[in-house]
$ cat target-v3.pdb   # PDB, C-alpha atoms
ATOM      1  CA  MET Q 793     -83.674 -40.416 -11.829  1.00  0.00           C
ATOM      2  CA  ASN Q 794     -81.852 -43.595 -10.717  1.00  0.00           C
ATOM      3  CA  GLY Q 795     -79.350 -43.145 -13.553  1.00  0.00           C
ATOM      4  CA  LYS Q 796     -78.396 -39.687 -12.289  1.00  0.00           C
ATOM      5  CA  ILE Q 797     -77.782 -41.040  -8.793  1.00  0.00           C
ATOM      6  CA  VAL Q 798     -75.648 -43.903 -10.105  1.00  0.00           C
ATOM      7  CA  ALA Q 799     -73.690 -41.575 -12.414  1.00  0.00           C
ATOM      8  CA  GLY Q 800     -73.208 -39.085  -9.583  1.00  0.00           C
ATOM      9  CA  ALA Q 801     -71.980 -41.848  -7.267  1.00  0.00           C
ATOM     10  CA  ILE Q 802     -69.489 -43.007  -9.906  1.00  0.00           C
ATOM     11  CA  VAL Q 803     -68.173 -39.472 -10.467  1.00  0.00           C
ATOM     12  CA  ILE Q 804     -67.864 -38.773  -6.743  1.00  0.00           C
ATOM     13  CA  SER Q 805     -66.116 -42.091  -6.045  1.00  0.00           C
ATOM     14  CA  GLY Q 806     -63.734 -41.379  -8.957  1.00  0.00           C
ATOM     15  CA  LEU Q 807     -62.905 -37.951  -7.538  1.00  0.00           C
ATOM     16  CA  VAL Q 808     -62.339 -39.372  -4.047  1.00  0.00           C
ATOM     17  CA  ALA Q 809     -60.108 -42.127  -5.489  1.00  0.00           C
ATOM     18  CA  GLY Q 810     -58.145 -39.559  -7.527  1.00  0.00           C
ATOM     19  CA  VAL Q 811     -57.551 -37.311  -4.520  1.00  0.00           C
ATOM     20  CA  ALA Q 812     -56.543 -40.341  -2.433  1.00  0.00           C
ATOM     21  CA  MET Q 813     -54.066 -41.517  -5.095  1.00  0.00           C
ATOM     22  CA  TYR Q 814     -52.539 -38.035  -5.344  1.00  0.00           C
ATOM     23  CA  TRP Q 815     -52.168 -37.788  -1.572  1.00  0.00           C
ATOM     24  CA  LEU Q 816     -50.658 -41.285  -1.356  1.00  0.00           C
ATOM     25  CA  GLN Q 817     -48.074 -40.472  -4.055  1.00  0.00           C
ATOM     26  CA  VAL Q 818     -47.077 -36.998  -2.884  1.00  0.00           C
ATOM     27  CA  TYR Q 819     -47.534 -36.910   0.888  1.00  0.00           C
ATOM     28  CA  ALA Q 820     -48.154 -40.336   2.408  1.00  0.00           C
ATOM     29  CA  PHE Q 821     -45.338 -42.583   3.542  1.00  0.00           C
ATOM     30  CA  TYR Q 822     -42.676 -39.811   3.587  1.00  0.00           C
ATOM     31  CA  GLU Q 823     -40.970 -39.203   6.904  1.00  0.00           C
ATOM     32  CA  PRO Q 824     -38.097 -36.952   7.965  1.00  0.00           C
ATOM     33  CA  VAL Q 825     -34.739 -38.734   8.125  1.00  0.00           C
ATOM     34  CA  ALA Q 826     -32.678 -38.436  11.291  1.00  0.00           C
ATOM     35  CA  PHE Q 827     -28.983 -38.297  10.430  1.00  0.00           C
ATOM     36  CA  THR Q 828     -27.797 -39.721  13.747  1.00  0.00           C
ATOM     37  CA  PRO Q 829     -24.528 -41.597  14.290  1.00  0.00           C
ATOM     38  CA  GLY Q 830     -24.543 -44.569  11.957  1.00  0.00           C
ATOM     39  CA  ALA Q 831     -26.881 -42.821   9.512  1.00  0.00           C
ATOM     40  CA  GLU Q 832     -24.703 -39.874   8.497  1.00  0.00           C
ATOM     41  CA  ILE Q 833     -23.879 -38.796   4.962  1.00  0.00           C
ATOM     42  CA  LYS Q 834     -21.085 -41.011   3.641  1.00  0.00           C
ATOM     43  CA  LEU Q 835     -18.945 -41.291   0.510  1.00  0.00           C
ATOM     44  CA  THR Q 836     -17.116 -44.327  -0.851  1.00  0.00           C
ATOM     45  CA  PRO Q 837     -13.342 -43.781  -1.063  1.00  0.00           C
ATOM     46  CA  ILE Q 838     -11.393 -44.454  -4.241  1.00  0.00           C
ATOM     47  CA  THR Q 839      -9.133 -46.936  -2.478  1.00  0.00           C
ATOM     48  CA  GLY Q 840     -11.698 -48.886  -0.494  1.00  0.00           C
ATOM     49  CA  ASP Q 841     -15.185 -50.308  -0.431  1.00  0.00           C
ATOM     50  CA  SER Q 842     -16.340 -49.110   2.976  1.00  0.00           C
ATOM     51  CA  PRO Q 843     -18.141 -45.726   2.844  1.00  0.00           C
ATOM     52  CA  GLU Q 844     -16.742 -43.020   5.139  1.00  0.00           C
ATOM     53  CA  VAL Q 845     -18.669 -40.328   7.005  1.00  0.00           C
ATOM     54  CA  ILE Q 846     -18.078 -36.818   5.624  1.00  0.00           C
ATOM     55  CA  VAL Q 847     -18.683 -33.441   7.209  1.00  0.00           C
ATOM     56  CA  ALA Q 848     -22.276 -32.457   6.490  1.00  0.00           C
ATOM     57  CA  ASP Q 849     -24.075 -29.484   8.027  1.00  0.00           C
ATOM     58  CA  ASP Q 850     -27.741 -28.399   7.969  1.00  0.00           C
ATOM     59  CA  VAL Q 851     -28.884 -31.811   6.744  1.00  0.00           C
ATOM     60  CA  GLN Q 852     -32.550 -32.143   5.806  1.00  0.00           C
ATOM     61  CA  GLY Q 853     -33.859 -35.409   4.465  1.00  0.00           C
ATOM     62  CA  ILE Q 854     -36.936 -37.430   3.659  1.00  0.00           C
ATOM     63  CA  ASP Q 855     -37.469 -41.111   3.000  1.00  0.00           C
ATOM     64  CA  ALA Q 856     -40.278 -43.611   2.731  1.00  0.00           C
ATOM     65  CA  GLY Q 857     -40.396 -47.291   3.536  1.00  0.00           C
ATOM     66  CA  SER Q 858     -42.614 -47.898   0.515  1.00  0.00           C
ATOM     67  CA  SER Q 859     -39.723 -47.557  -1.963  1.00  0.00           C
ATOM     68  CA  PRO Q 860     -35.939 -47.315  -1.681  1.00  0.00           C
ATOM     69  CA  LEU Q 861     -36.006 -44.616  -4.389  1.00  0.00           C
ATOM     70  CA  ARG Q 862     -37.841 -42.032  -2.278  1.00  0.00           C
ATOM     71  CA  PHE Q 863     -34.803 -40.889  -0.274  1.00  0.00           C
ATOM     72  CA  ARG Q 864     -33.717 -37.238  -0.792  1.00  0.00           C
ATOM     73  CA  ALA Q 865     -31.411 -35.039   1.277  1.00  0.00           C
ATOM     74  CA  CYS Q 866     -30.012 -31.517   1.160  1.00  0.00           C
ATOM     75  CA  PHE Q 867     -26.986 -30.341   3.122  1.00  0.00           C
ATOM     76  CA  THR Q 868     -23.815 -28.277   2.983  1.00  0.00           C
ATOM     77  CA  THR Q 869     -20.245 -29.444   3.279  1.00  0.00           C
ATOM     78  CA  PRO Q 870     -17.019 -27.472   3.798  1.00  0.00           C
ATOM     79  CA  LEU Q 871     -15.115 -30.035   1.701  1.00  0.00           C
ATOM     80  CA  SER Q 872     -14.015 -28.737  -1.701  1.00  0.00           C
ATOM     81  CA  GLN Q 873     -14.777 -30.487  -4.964  1.00  0.00           C
ATOM     82  CA  ALA Q 874     -11.015 -30.882  -5.537  1.00  0.00           C
ATOM     83  CA  LEU Q 875     -10.532 -32.684  -2.225  1.00  0.00           C
ATOM     84  CA  LEU Q 876     -13.600 -34.839  -2.810  1.00  0.00           C
ATOM     85  CA  THR Q 877     -12.544 -35.912  -6.331  1.00  0.00           C
ATOM     86  CA  GLU Q 878      -9.075 -36.878  -5.067  1.00  0.00           C
ATOM     87  CA  THR Q 879     -10.506 -38.925  -2.202  1.00  0.00           C
ATOM     88  CA  TYR Q 880     -13.882 -40.367  -3.205  1.00  0.00           C
ATOM     89  CA  ARG Q 881     -15.381 -42.231  -6.173  1.00  0.00           C
ATOM     90  CA  VAL Q 882     -17.033 -40.099  -8.822  1.00  0.00           C
ATOM     91  CA  TYR Q 883     -20.419 -41.433  -9.962  1.00  0.00           C
ATOM     92  CA  ASP Q 884     -20.675 -40.989 -13.732  1.00  0.00           C
ATOM     93  CA  ALA Q 885     -24.273 -42.115 -14.262  1.00  0.00           C
ATOM     94  CA  ALA Q 886     -25.935 -39.754 -11.771  1.00  0.00           C
ATOM     95  CA  GLU Q 887     -29.583 -38.957 -12.511  1.00  0.00           C
ATOM     96  CA  PRO Q 888     -31.342 -37.099  -9.698  1.00  0.00           C
ATOM     97  CA  LEU Q 889     -34.966 -38.072  -9.252  1.00  0.00           C
ATOM     98  CA  ILE Q 890     -37.745 -35.517  -8.786  1.00  0.00           C
ATOM     99  CA  ALA Q 891     -38.649 -34.866  -5.149  1.00  0.00           C
ATOM    100  CA  PRO Q 892     -42.140 -34.000  -3.910  1.00  0.00           C
ATOM    101  CA  GLY Q 893     -42.913 -30.316  -4.472  1.00  0.00           C
ATOM    102  CA  TRP Q 894     -43.229 -29.687  -0.749  1.00  0.00           C
ATOM    103  CA  PHE Q 895     -39.556 -30.704  -0.193  1.00  0.00           C
ATOM    104  CA  GLY Q 896     -38.318 -27.399  -1.559  1.00  0.00           C
ATOM    105  CA  CYS Q 897     -34.577 -27.690  -1.003  1.00  0.00           C
ATOM    106  CA  PHE Q 898     -34.191 -30.490  -3.579  1.00  0.00           C
ATOM    107  CA  ASP Q 899     -34.469 -29.329  -7.206  1.00  0.00           C
ATOM    108  CA  ALA Q 900     -33.678 -32.339  -9.399  1.00  0.00           C
ATOM    109  CA  THR Q 901     -33.754 -30.308 -12.618  1.00  0.00           C
ATOM    110  CA  ARG Q 902     -31.187 -27.806 -11.315  1.00  0.00           C
ATOM    111  CA  ILE Q 903     -28.995 -30.601  -9.954  1.00  0.00           C
ATOM    112  CA  GLY Q 904     -29.227 -32.565 -13.218  1.00  0.00           C
ATOM    113  CA  ASP Q 905     -28.356 -29.497 -15.299  1.00  0.00           C
ATOM    114  CA  ALA Q 906     -25.384 -28.741 -13.037  1.00  0.00           C
ATOM    115  CA  LEU Q 907     -24.148 -32.318 -13.380  1.00  0.00           C
ATOM    116  CA  GLN Q 908     -24.427 -32.064 -17.186  1.00  0.00           C
ATOM    117  CA  THR Q 909     -22.423 -28.835 -17.324  1.00  0.00           C
ATOM    118  CA  GLY Q 910     -19.831 -30.012 -14.799  1.00  0.00           C
ATOM    119  CA  GLU Q 911     -20.730 -27.377 -12.230  1.00  0.00           C
ATOM    120  CA  ALA Q 912     -21.711 -30.114  -9.757  1.00  0.00           C
ATOM    121  CA  ILE Q 913     -19.894 -33.409  -9.328  1.00  0.00           C
ATOM    122  CA  ALA Q 914     -21.626 -36.644  -8.309  1.00  0.00           C
ATOM    123  CA  PHE Q 915     -20.055 -39.170  -5.966  1.00  0.00           C
ATOM    124  CA  LEU Q 916     -20.940 -42.707  -4.935  1.00  0.00           C
ATOM    125  CA  SER Q 917     -22.203 -42.439  -1.402  1.00  0.00           C
ATOM    126  CA  GLU Q 918     -23.180 -46.019  -0.641  1.00  0.00           C
ATOM    127  CA  PRO Q 919     -23.442 -48.820  -3.201  1.00  0.00           C
ATOM    128  CA  GLU Q 920     -26.350 -51.268  -2.921  1.00  0.00           C
ATOM    129  CA  ILE Q 921     -28.079 -49.331  -0.151  1.00  0.00           C
ATOM    130  CA  ALA Q 922     -30.961 -51.584  -1.190  1.00  0.00           C
ATOM    131  CA  PRO Q 923     -30.773 -54.344  -3.821  1.00  0.00           C
ATOM    132  CA  GLY Q 924     -30.066 -52.642  -7.160  1.00  0.00           C
ATOM    133  CA  VAL Q 925     -30.057 -49.143  -5.635  1.00  0.00           C
ATOM    134  CA  ASP Q 926     -27.113 -46.800  -4.941  1.00  0.00           C
ATOM    135  CA  ARG Q 927     -27.045 -43.644  -2.841  1.00  0.00           C
ATOM    136  CA  VAL Q 928     -25.540 -40.747  -4.811  1.00  0.00           C
ATOM    137  CA  VAL Q 929     -24.310 -37.356  -3.569  1.00  0.00           C
ATOM    138  CA  ALA Q 930     -23.850 -34.296  -5.801  1.00  0.00           C
ATOM    139  CA  VAL Q 931     -21.683 -31.428  -4.568  1.00  0.00           C
ATOM    140  CA  PHE Q 932     -21.634 -27.858  -5.926  1.00  0.00           C
ATOM    141  CA  PRO Q 933     -18.566 -25.558  -5.761  1.00  0.00           C
ATOM    142  CA  ASP Q 934     -20.142 -23.494  -2.947  1.00  0.00           C
ATOM    143  CA  GLY Q 935     -20.590 -26.570  -0.744  1.00  0.00           C
ATOM    144  CA  GLN Q 936     -24.279 -27.129  -1.394  1.00  0.00           C
ATOM    145  CA  ALA Q 937     -24.855 -30.850  -1.665  1.00  0.00           C
ATOM    146  CA  PHE Q 938     -27.729 -33.193  -2.400  1.00  0.00           C
ATOM    147  CA  ALA Q 939     -28.241 -36.923  -1.964  1.00  0.00           C
ATOM    148  CA  TRP Q 940     -30.699 -39.358  -3.501  1.00  0.00           C
ATOM    149  CA  HIS Q 941     -31.122 -43.028  -4.330  1.00  0.00           C
ATOM    150  CA  GLN Q 942     -31.129 -44.301  -7.891  1.00  0.00           C
ATOM    151  CA  LEU Q 943     -31.147 -47.612  -9.704  1.00  0.00           C
ATOM    152  CA  ASN Q 944     -27.718 -48.967 -10.509  1.00  0.00           C
ATOM    153  CA  ALA Q 945     -26.635 -51.155 -13.446  1.00  0.00           C
ATOM    154  CA  THR Q 946     -28.269 -54.209 -11.848  1.00  0.00           C
ATOM    155  CA  TYR Q 947     -31.739 -53.027 -12.942  1.00  0.00           C
ATOM    156  CA  LYS Q 948     -30.916 -50.761 -15.882  1.00  0.00           C
ATOM    157  CA  ASP Q 949     -30.753 -52.047 -19.433  1.00  0.00           C
TER     158      ASP Q 949
END
$ encode --input "target-v3.pdb" --output "structure tokens"
Amino acid sequence: MNGKIVAGAIVISGLVAGVAMYWLQVYAFYEPVAFTPGAEIKLTPITGDSPEVIVADDVQGIDAGSSPLRFRACFTTPLSQALLTETYRVYDAAEPLIAPGWFGCFDATRIGDALQTGEAIAFLSEPEIAPGVDRVVAVFPDGQAFAWHQLNATYKD
């Protein structure tokens, strides 16, 4: 009888720990991002190192203090891909990271596929937003745009 109680306690504590880990990974720590003056969407120009604010409408974003890689944002911009490529730095190594399922506007698979086919173009938003991490923005022809953080060459092999 004591063995059943001990085994039951182990199973229950394992289930509670599993649910807690899932919640911590998917929901905890994330907060909405306020894109107020000084925290707007920016792109790095071809001819300079200081990122410039771009026109961004309907911005939704999330971030977490627990990791610099948890930032994601969705927005629209009236700026064309042609104008953007003539003005701002293209980011060749863009790899969008998967967002939590509840942040529905950000589909990393769709963005990644569009970057591979050339439908979307990635730009350097802000280099070294955190040590070894760049902010990247991908823009579609219809003005849909997405931003995320990813490791730069500092931490990649």
$ atom_distance --input "target-v3.pdb" --atom1 "atom CA of Q:Ile854" --atom2 "atom CA of Q:Glu878"
29.2 Å
$ residues_around --input "target-v3.pdb" --residues "stretch 928-933 of chain Q" --least-positions-apart "2" --cutoff "7 Å" --atoms "only C-alpha atoms" --output "list in words"
Ser872, Gln873, Glu911, Ala912, Ile913, Ala914, Phe915, Leu916, Ser917, Asp926, Gly935, Gln936, Ala937, Phe938, Ala939, Trp940 and His941 of chain Q
$ resolve_selection --input "target-v3.pdb" --expression "the PyMOL selection byres ((chain Q and resi 860-870) around 8)" --output "PyMOL selection string"
chain Q and resi 822+847-859+871-872+891+897-898+922+925+935-943
$ resolve_selection --input "target-v3.pdb" --expression "the PyMOL selection byres ((chain Q and resi 945) around 12)" --output "PDB file with C-alpha atoms, in the coordinates of the input"
ATOM      1  CA  ASP Q 884     -20.675 -40.989 -13.732  1.00  0.00           C
ATOM      2  CA  ALA Q 885     -24.273 -42.115 -14.262  1.00  0.00           C
ATOM      3  CA  ALA Q 886     -25.935 -39.754 -11.771  1.00  0.00           C
ATOM      4  CA  PRO Q 919     -23.442 -48.820  -3.201  1.00  0.00           C
ATOM      5  CA  GLU Q 920     -26.350 -51.268  -2.921  1.00  0.00           C
ATOM      6  CA  PRO Q 923     -30.773 -54.344  -3.821  1.00  0.00           C
ATOM      7  CA  GLY Q 924     -30.066 -52.642  -7.160  1.00  0.00           C
ATOM      8  CA  VAL Q 925     -30.057 -49.143  -5.635  1.00  0.00           C
ATOM      9  CA  ASP Q 926     -27.113 -46.800  -4.941  1.00  0.00           C
ATOM     10  CA  GLN Q 942     -31.129 -44.301  -7.891  1.00  0.00           C
ATOM     11  CA  LEU Q 943     -31.147 -47.612  -9.704  1.00  0.00           C
ATOM     12  CA  ASN Q 944     -27.718 -48.967 -10.509  1.00  0.00           C
ATOM     13  CA  THR Q 946     -28.269 -54.209 -11.848  1.00  0.00           C
ATOM     14  CA  TYR Q 947     -31.739 -53.027 -12.942  1.00  0.00           C
ATOM     15  CA  LYS Q 948     -30.916 -50.761 -15.882  1.00  0.00           C
ATOM     16  CA  ASP Q 949     -30.753 -52.047 -19.433  1.00  0.00           C
TER      17      ASP Q 949
END
$ atom_distance --input "target-v3.pdb" --atom1 "atom CA of Q:Tyr883" --atom2 "atom CA of Q:Pro829"
24.6 Å
$ atom_distance --input "target-v3.pdb" --atom1 "atom CA of Q:Glu887" --atom2 "atom CA of Q:Arg927"
11.0 Å
$ closest_residue --input "target-v3.pdb" --among "Q:Asn794, Q:Arg881, Q:Phe895, Q:Leu907" --to "Q:Ser842" --atoms "all atoms listed in the file"
Q:Arg881
$ closest_residue --input "target-v3.pdb" --among "Q:Ala812, Q:Thr901, Q:Tyr880, Q:Tyr819" --to "Q:Gly840" --atoms "only C-alpha atoms"
Q:Tyr880
$ resolve_selection --input "target-v3.pdb" --expression "the PyMOL selection byres ((chain Q and resi 832) around 10)" --output "list in words"
Ala826, Phe827, Thr828, Pro829, Gly830, Ala831, Ile833, Lys834, Leu835, Glu844, Val845, Ile846, Val847, Ala848 and Val851 of chain Q
$ closest_residue --input "target-v3.pdb" --among "Q:Glu918, Q:Asp899, Q:Asp905, Q:Asp934" --to "Q:Val882" --atoms "only C-alpha atoms"
Q:Glu918
$ axis_aligned_box --input "target-v3.pdb" --around "stretch 892-904 of chain Q" --padding-each-side "8 Å" --output "AutoDock Vina command-line options"
--center_x -36.1 --center_y -30.7 --center_z -6.7 --size_x 30.2 --size_y 22.6 --size_z 29.0
